[in-house]
Amino acid sequence: PFSRGRVAEFSKQNLKLESGFELDNFKIAFKTFGKLNDKKNNAILICHALTGDQYVSGTNPITKKDGWWSYAVGTGKALDTDKYFVICANIIGGCLGSFGPSNINSETNKVYGTTFPIITINDMVNAQYNLLEFFKIDKLFAVTGGSMGGMQVLQFVSNFPDKAKIAIPIACTSSHS
């Protein structure tokens with residue numbers, strides 16, 4: 001029911017960043033793989049590293065290279081898309097479709113560029129929470145990611161302890177403030 005490459009637009013919600021800046025009408029670019037079951041309990045959120053994007057598997061349409069976790073996401077792989085509904089979102093502040101520095105500042109009518117607000121791991125996670133609400137997913141089967149994605153996993157379970165059954169932080173610190 002959901003297409004494999006989409007942008008979710010949150011025009012009715014505001015996202016207050018830790019910096020105090022408030023985003024309204026923000027967008028999150030994402031890709032999905034597999035099918036969300038009727039109970040909506042087979043969803044896995046993958047959080048990407050600093051150099052990643054929503055193209056976790058398959059061919060990245062921009063670089064024409066395999067997705068950065070193609071070896072782990074797909075039919076018969078560790079994150080089996082015949083069994084799980086995998087969601088990967090480009091973080092806010094990213095450059096591949098989510099709200100970021102290339103967007104127009106509605107107050108100045110100019111591209112944000114270097115005036116774009118500081119984005120924290122907490123801000124990224126809170127934005128992704130909106131995406132789960134978009135899919136009407138009450139509880140993820142798992143949330144995972146490596147490096148900066150692993151830090152997002154730790155922040156996610158800290159912010160929303162009942163929103164994921166399993167947390168799989170990879171290649172990150174053992175705790176998060």
# chains A, B, ... in the order shown; residues from 1 in each chain; ligands from 1
>>> closest_atom_pairs(of="region 19-118 of chain A", to="region 122-138 of chain A", cutoff="12 Å", atoms="only C-alpha atoms", output="Markdown table")
| residue | atom | partner | partner_atom | distance |
| --- | --- | --- | --- | --- |
| A:Ser19 | CA | A:Asp123 | CA | 9.3 |
| A:Gly20 | CA | A:Asp123 | CA | 10.8 |
| A:Phe21 | CA | A:Asp123 | CA | 10.6 |
| A:Glu22 | CA | A:Asp123 | CA | 10.7 |
| A:Leu23 | CA | A:Ala127 | CA | 9.9 |
| A:Asp24 | CA | A:Ala127 | CA | 11.4 |
| A:Asn25 | CA | A:Ala127 | CA | 11.8 |
| A:Phe26 | CA | A:Ala127 | CA | 9.1 |
| A:Lys27 | CA | A:Ala127 | CA | 9.1 |
| A:Ile28 | CA | A:Leu131 | CA | 7.6 |
| A:Ala29 | CA | A:Leu131 | CA | 9.6 |
| A:Phe30 | CA | A:Leu131 | CA | 8.8 |
| A:Lys31 | CA | A:Leu131 | CA | 11.3 |
| A:Thr32 | CA | A:Phe135 | CA | 11.0 |
| A:Lys35 | CA | A:Phe135 | CA | 11.8 |
| A:Leu36 | CA | A:Phe135 | CA | 9.1 |
| A:Asn37 | CA | A:Ile137 | CA | 10.5 |
| A:Asp38 | CA | A:Ile137 | CA | 10.6 |
| A:Lys39 | CA | A:Ile137 | CA | 9.0 |
| A:Lys40 | CA | A:Ile137 | CA | 5.9 |
| A:Asn41 | CA | A:Ile137 | CA | 7.5 |
| A:Asn42 | CA | A:Ile137 | CA | 9.5 |
| A:Ala43 | CA | A:Ile137 | CA | 7.8 |
| A:Ile44 | CA | A:Leu132 | CA | 10.3 |
| A:Leu45 | CA | A:Leu132 | CA | 8.8 |
| A:Ile46 | CA | A:Gln128 | CA | 10.3 |
| A:Cys47 | CA | A:Val125 | CA | 8.9 |
| A:His48 | CA | A:Met124 | CA | 10.6 |
| A:Ala49 | CA | A:Met124 | CA | 11.7 |
| A:Leu50 | CA | A:Met124 | CA | 11.6 |
| A:Phe85 | CA | A:Ile137 | CA | 10.9 |
| A:Val86 | CA | A:Leu132 | CA | 11.6 |
| A:Ile87 | CA | A:Leu132 | CA | 9.1 |
| A:Cys88 | CA | A:Gln128 | CA | 9.4 |
| A:Ala89 | CA | A:Gln128 | CA | 7.3 |
| A:Asn90 | CA | A:Gln128 | CA | 9.1 |
| A:Ile91 | CA | A:Met124 | CA | 5.8 |
| A:Ile92 | CA | A:Met124 | CA | 6.0 |
| A:Gly93 | CA | A:Met124 | CA | 8.4 |
| A:Gly94 | CA | A:Met124 | CA | 9.9 |
| A:Ser98 | CA | A:Ala127 | CA | 10.1 |
| A:Phe99 | CA | A:Ala127 | CA | 10.0 |
| A:Gly100 | CA | A:Met124 | CA | 11.5 |
| A:Pro117 | CA | A:Asp123 | CA | 10.9 |
| A:Ile118 | CA | A:Asp123 | CA | 9.3 |
>>> select_by_dssp(residues="chain A", states="strand (DSSP E or B)", output="JSON, numbers by chain")
{"A": [5, 6, 7, 8, 9, 10, 11, 12, 13, 14, 15, 16, 22, 23, 24, 25, 26, 27, 28, 29, 30, 31, 32, 33, 43, 44, 45, 46, 47, 59, 66, 73, 79, 85, 86, 87, 88, 89, 104, 105, 110, 111, 140, 141, 142, 143, 144, 145, 146, 164, 165, 166, 167, 168, 169, 170]}
>>> closest_atom_pairs(of="region 63-144 of chain A", to="region 161-166 of chain A", cutoff="8 Å", atoms="only C-alpha atoms", output="Markdown table")
| residue | atom | partner | partner_atom | distance |
| --- | --- | --- | --- | --- |
| A:Asp138 | CA | A:Lys163 | CA | 6.5 |
| A:Lys139 | CA | A:Lys163 | CA | 4.5 |
| A:Leu140 | CA | A:Ala164 | CA | 4.4 |
| A:Phe141 | CA | A:Lys165 | CA | 5.1 |
| A:Ala142 | CA | A:Ile166 | CA | 4.5 |
| A:Val143 | CA | A:Ala164 | CA | 6.5 |
>>> write_last_selection(atoms="C-alpha atoms", output="PDB file, in the first residue's frame")
ATOM      1  CA  ASP A 138       2.201   1.779  17.608  1.00  0.00           C
ATOM      2  CA  LYS A 139       5.260  -0.365  18.282  1.00  0.00           C
ATOM      3  CA  LEU A 140       8.194  -1.268  16.086  1.00  0.00           C
ATOM      4  CA  PHE A 141       9.503  -4.815  16.002  1.00  0.00           C
ATOM      5  CA  ALA A 142      12.986  -3.254  16.059  1.00  0.00           C
ATOM      6  CA  VAL A 143      14.954  -0.066  15.630  1.00  0.00           C
TER       7      VAL A 143
END
>>> residues_around(residues="Thr114 (chain A)", least_positions_apart="2", cutoff="8 Å", atoms="only C-alpha atoms", output="list in words")
Pro101, Tyr112 and Phe116 of chain A
>>> closest_residue(among="A:Gly150, A:Gly34, A:Gly52, A:Gly113", to="Thr75 (chain A)", atoms="only C-alpha atoms")
A:Gly34
>>> atom_distance(atom1="CA of Thr59 (chain A)", atom2="CA of Ser147 (chain A)")
21.8 Å
>>> atom_distance(atom1="CA of Leu96 (chain A)", atom2="CA of Arg6 (chain A)")
11.3 Å
>>> atom_distance(atom1="CA of Trp69 (chain A)", atom2="CA of Phe33 (chain A)")
12.5 Å
